[in-house]
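Engineer: I have a structure I would like to understand better, so I am pasting it below and will then ask my questions one at a time.
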Amino acid sequence: MIRFDDVTKKFEDETAVDALTLEVAPQQTTVLIGPSGCGKSTILRLIVGLEQVDEGRISFDEQPLDTWDIGDLRKRIGYVIQGGGLFPHMTARENITLMANHVGWAGGRIDERVEALRELTHLEADQLERYPAQLSGGQKQRVALMRALMLDPECLLLDEPLGALDPMIRARLQDELRDIFDELDKTVLLVTHDMQEAAHFADTVALLRAGRLVQAATVDDLVERPADPFVTEFIRAQGGGPSLETVGEGRG
Ligand SMILES: Nc1ncnc2c1ncn2[C@@H]1O[C@H](COP(=O)(O)OP(=O)(O)OP(=O)(O)O)[C@@H](O)[C@H]1O
Ligand SMILES: [Mg+2]
């Protein structure tokens with residue numbers, strides 16, 4: 001669905017993404033993980049055209065990204081930016097329906113879609129009429145997700161969609177999100193820096209370090225067949241020896 005061929009992105013003399021080759025398989029969940037600053041958000045920003053590659057090529061649905069009409073691309077890719085990125089001066093409903101209004105959906109169709117997504121994400125009806133500042137962190141995350149899902153994109157890019165939540169709400173939303181992904185059969189590219197969360201969602205985990213891909217594999221393979229000592233180091237740093245087993249229990 002999304003393909004990176006030898007993609008490099010530099011900011012002045014800092015290389016944020018370094019010769020990345022990676023395939024994001026259709027209807028699967030691929031998780032980008034790695035230490036802060038390793039290039040995860042930049043990779044998503046390159047896909048949606050907020051940054052341009054310096055070298056290499058990105059393709060979406062087997063077509064080079066630079067041949068895509070940006071409007072068409074936006075309809076097929078839903079994007080939740082790090083921190084949610086809701087417009088503070090708009091209610092939840094206005095945030096969610098912005099794009100649908102922009103592309104000219106009829107009012108009835110918009111209302112129906114909002115209602116379906118509200119049920120899917122378990123948001124209360126009255127919460128839709130509130131401004132982001134009047135919602136809890138978890139409610140804001142749901143609104144951001146509803147906004148990304150509004151046009152029913154085939155592909156979802158989620159940048160730490162559960163960041164900054166307390167552990168109990170986070171665990172509940174993790175379960176709900178995974179159900180949503182399974183139910184909707186989307187191609188998902190999700191960023192986290194939490195290995196437990198990666199294990200919970202991922203068909204494939206791509207571990208990055210300083211802009212470079214260290215290994216892209218199933219969680220079991222990362223644990224049992226690490227391509228580099230950094231893989232084991234990273235997993236161990238996330239919770240010590242015994243949790244290697246717990247990590248492997250995430251999916252399936
Ligand atoms: N617009 C920019 N200008 C200059 N440097 C940037 C810019 N955006 C990102 N960088 C740098 O590129 C590197 C990768 O940043 P990125 O935001 O992709 O990291 P990340 O893996 O998402 O980190 P985090 O886990 O903290 O969100 C960082 O060193 C960052 O400082
Ligand atoms: Mg980031």
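Scheme for the structure tokens: letters A, B, ... for chains in order shown; per-chain residue numbers from 1; ligand numbers from 1 in order shown.
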Apply DSSP to the structure's backbone, then extract all residues of range 50-242 of chain A labelled strand (DSSP E or B) and return them as a ChimeraX atom specification.

Structural biologist: /A:55-60,63-64,77-80,155-159,187-191,204-209,212-217

Engineer: Those same residues, written as a short mmCIF file (atom, residue, chain, number, x, y, z; two decimals), in the first residue's frame with N, CA, C and O atoms?

Structural biologist:
data_model
loop_
_atom_site.label_atom_id
_atom_site.label_comp_id
_atom_site.auth_asym_id
_atom_site.auth_seq_id
_atom_site.Cartn_x
_atom_site.Cartn_y
_atom_site.Cartn_z
N GLU A 55 15.96 12.33 -1.07
CA GLU A 55 16.40 11.27 -1.98
C GLU A 55 15.43 10.10 -1.85
O GLU A 55 14.78 9.93 -0.84
N GLY A 56 15.40 9.26 -2.87
CA GLY A 56 14.57 8.06 -2.84
C GLY A 56 13.14 8.37 -3.25
O GLY A 56 12.84 9.47 -3.74
N ARG A 57 12.27 7.38 -3.05
CA ARG A 57 10.91 7.54 -3.55
C ARG A 57 9.90 6.88 -2.61
O ARG A 57 10.13 5.80 -2.08
N ILE A 58 8.76 7.53 -2.46
CA ILE A 58 7.63 6.94 -1.74
C ILE A 58 6.52 6.69 -2.75
O ILE A 58 6.25 7.55 -3.59
N SER A 59 5.91 5.50 -2.68
CA SER A 59 4.76 5.23 -3.53
C SER A 59 3.55 4.91 -2.66
O SER A 59 3.68 4.31 -1.60
N PHE A 60 2.38 5.34 -3.14
CA PHE A 60 1.12 4.98 -2.49
C PHE A 60 0.29 4.24 -3.52
O PHE A 60 0.09 4.75 -4.63
N GLN A 63 1.75 3.94 -7.01
CA GLN A 63 2.01 5.15 -7.81
C GLN A 63 2.92 6.08 -7.03
O GLN A 63 2.64 6.35 -5.86
N PRO A 64 3.97 6.62 -7.66
CA PRO A 64 4.84 7.55 -6.93
C PRO A 64 4.04 8.69 -6.33
O PRO A 64 3.11 9.21 -6.97
N ILE A 77 -6.26 8.85 2.73
CA ILE A 77 -5.41 8.69 3.92
C ILE A 77 -5.95 9.55 5.06
O ILE A 77 -6.06 10.76 4.93
N GLY A 78 -6.29 8.90 6.18
CA GLY A 78 -6.67 9.63 7.38
C GLY A 78 -5.44 9.79 8.26
O GLY A 78 -4.65 8.86 8.39
N TYR A 79 -5.29 10.95 8.87
CA TYR A 79 -4.05 11.25 9.58
C TYR A 79 -4.36 11.86 10.94
O TYR A 79 -5.08 12.86 11.02
N VAL A 80 -3.89 11.23 12.00
CA VAL A 80 -3.99 11.81 13.34
C VAL A 80 -2.60 12.28 13.73
O VAL A 80 -1.70 11.46 13.92
N CYS A 155 -6.62 4.07 4.38
CA CYS A 155 -5.34 4.04 5.08
C CYS A 155 -5.36 5.05 6.23
O CYS A 155 -5.85 6.16 6.08
N LEU A 156 -4.85 4.63 7.38
CA LEU A 156 -4.82 5.50 8.56
C LEU A 156 -3.39 5.67 9.04
O LEU A 156 -2.68 4.68 9.26
N LEU A 157 -2.97 6.92 9.22
CA LEU A 157 -1.66 7.21 9.81
C LEU A 157 -1.91 7.80 11.19
O LEU A 157 -2.58 8.83 11.30
N LEU A 158 -1.41 7.14 12.21
CA LEU A 158 -1.71 7.56 13.58
C LEU A 158 -0.41 7.81 14.33
O LEU A 158 0.37 6.89 14.57
N ASP A 159 -0.18 9.08 14.70
CA ASP A 159 1.06 9.45 15.37
C ASP A 159 0.84 9.51 16.88
O ASP A 159 0.32 10.48 17.39
N THR A 187 -5.63 -0.23 6.27
CA THR A 187 -4.17 -0.24 6.30
C THR A 187 -3.77 0.80 7.34
O THR A 187 -4.13 1.97 7.21
N VAL A 188 -3.07 0.37 8.38
CA VAL A 188 -2.75 1.29 9.47
C VAL A 188 -1.25 1.39 9.64
O VAL A 188 -0.54 0.37 9.66
N LEU A 189 -0.78 2.62 9.75
CA LEU A 189 0.62 2.87 10.12
C LEU A 189 0.58 3.70 11.40
O LEU A 189 0.11 4.84 11.40
N LEU A 190 1.01 3.09 12.49
CA LEU A 190 0.83 3.69 13.81
C LEU A 190 2.20 3.92 14.46
O LEU A 190 3.07 3.06 14.42
N VAL A 191 2.36 5.10 15.05
CA VAL A 191 3.61 5.43 15.74
C VAL A 191 3.42 5.30 17.24
O VAL A 191 2.41 5.75 17.78
N THR A 204 3.33 -6.02 11.83
CA THR A 204 4.76 -5.81 11.65
C THR A 204 5.21 -4.61 12.48
O THR A 204 4.53 -3.59 12.50
N VAL A 205 6.34 -4.75 13.15
CA VAL A 205 6.93 -3.64 13.89
C VAL A 205 8.21 -3.22 13.17
O VAL A 205 9.06 -4.05 12.87
N ALA A 206 8.31 -1.92 12.88
CA ALA A 206 9.54 -1.38 12.28
C ALA A 206 10.25 -0.57 13.35
O ALA A 206 9.76 0.47 13.79
N LEU A 207 11.39 -1.08 13.79
CA LEU A 207 12.16 -0.41 14.83
C LEU A 207 13.20 0.49 14.18
O LEU A 207 13.99 0.06 13.34
N LEU A 208 13.19 1.77 14.58
CA LEU A 208 14.08 2.77 14.00
C LEU A 208 15.05 3.28 15.05
O LEU A 208 14.74 3.30 16.24
N ARG A 209 16.20 3.69 14.56
CA ARG A 209 17.18 4.31 15.44
C ARG A 209 17.90 5.37 14.62
O ARG A 209 18.47 5.06 13.58
N ARG A 212 17.41 5.47 10.91
CA ARG A 212 17.64 4.23 10.15
C ARG A 212 16.72 3.12 10.64
O ARG A 212 16.47 2.99 11.84
N LEU A 213 16.27 2.29 9.69
CA LEU A 213 15.48 1.12 10.05
C LEU A 213 16.43 0.05 10.58
O LEU A 213 17.37 -0.35 9.89
N VAL A 214 16.19 -0.40 11.80
CA VAL A 214 17.05 -1.44 12.37
C VAL A 214 16.50 -2.82 11.98
O VAL A 214 17.24 -3.70 11.55
N GLN A 215 15.17 -2.99 12.15
CA GLN A 215 14.55 -4.27 11.78
C GLN A 215 13.04 -4.06 11.62
O GLN A 215 12.42 -3.37 12.41
N ALA A 216 12.48 -4.67 10.60
CA ALA A 216 11.02 -4.70 10.43
C ALA A 216 10.61 -6.16 10.45
O ALA A 216 11.02 -6.94 9.60
N ALA A 217 9.81 -6.54 11.45
CA ALA A 217 9.48 -7.96 11.64
C ALA A 217 8.29 -8.08 12.58
O ALA A 217 7.81 -7.08 13.12
#

Engineer: Select the residues contacting ligand 2 at a distance of at most 10 Å, based on only C-alpha atoms and all ligand atoms, then format the selection as a ChimeraX atom specification.

Structural biologist: /A:33-45,81-83,159-160,191-193

Engineer: What gap, in Å, lies between CA of Met1 in chain A and atom 18 (O, counted along the ligand's line) of ligand 1?

Structural biologist: 21.0 Å

Engineer: Report, in Å to a single decimal, how far apart CA of Gln134 in chain A and CA of Pro88 in chain A are.

Structural biologist: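 Calculated distance between CA of Pro88 in chain A and CA of Gln134 in chain A is 9.9 Å.
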
Engineer: Excluding range 135-139 of chain A and residues on its chain fewer than 4 positions from it, collect all residues at most 12 Å away from it, counting only C-alpha atoms, and give them as a count of residues only.

Structural biologist: 38

Engineer: Would you compute the distance between atom 21 (O, counted along the ligand's line) of ligand 1 and CA of Leu98 in chain A? Give it in Å to one decimal.

Structural biologist: 28.2 Å
